[in-house]
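What follows is a single structure, written as structure tokens, with notes after it.
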Amino acid sequence: MRLSKLLGVAGIVGVAATGAVLVRHERHRRSYSAEEVRARLQGRVAEVATQDADPDLVPDWPAEVQRPQRHPMEALLSTVMRIGPLRRF
């Protein structure tokens, strides 16, 4: 019984401590003015724009991708069942 009470109190203290940390971070975040936030974001954008592209993130497929072809079985089923082409969403 005492162990469960100790664990319960520890849980309540943990929740209270987490709440206090979150409030402190929120207060720190809100201390910036809108102009300061805008300037920081524009600075980040300018910094990223001047960097070279990461070769791992550059797509290695052609810019113009061809429309997918219907599978032969799909065309056969459409003919047999007399329905139009299947819709792809």
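By order in the structure tokens, chains are A, B, ...; within a chain, residues start at 1; ligands start at 1, following the order shown.
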Practice prompt. Would you mind writing down, as an MDAnalysis selection string, each residue of chain A that DSSP on the backbone assigns to helix (DSSP H, G or I)?
Written response: chainID A and resid 2:29 34:50 72:81
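CA of Leu22 (chain A) is found 27.0 Å from CA of Ser4 (chain A).
As for CA of Ser31 (chain A) and CA of Arg44 (chain A), they are spaced 19.2 Å apart.
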Worksheet, complete the sentence: CA of Gly43 (chain A) to CA of Leu57 (chain A) measures 22.0 Å
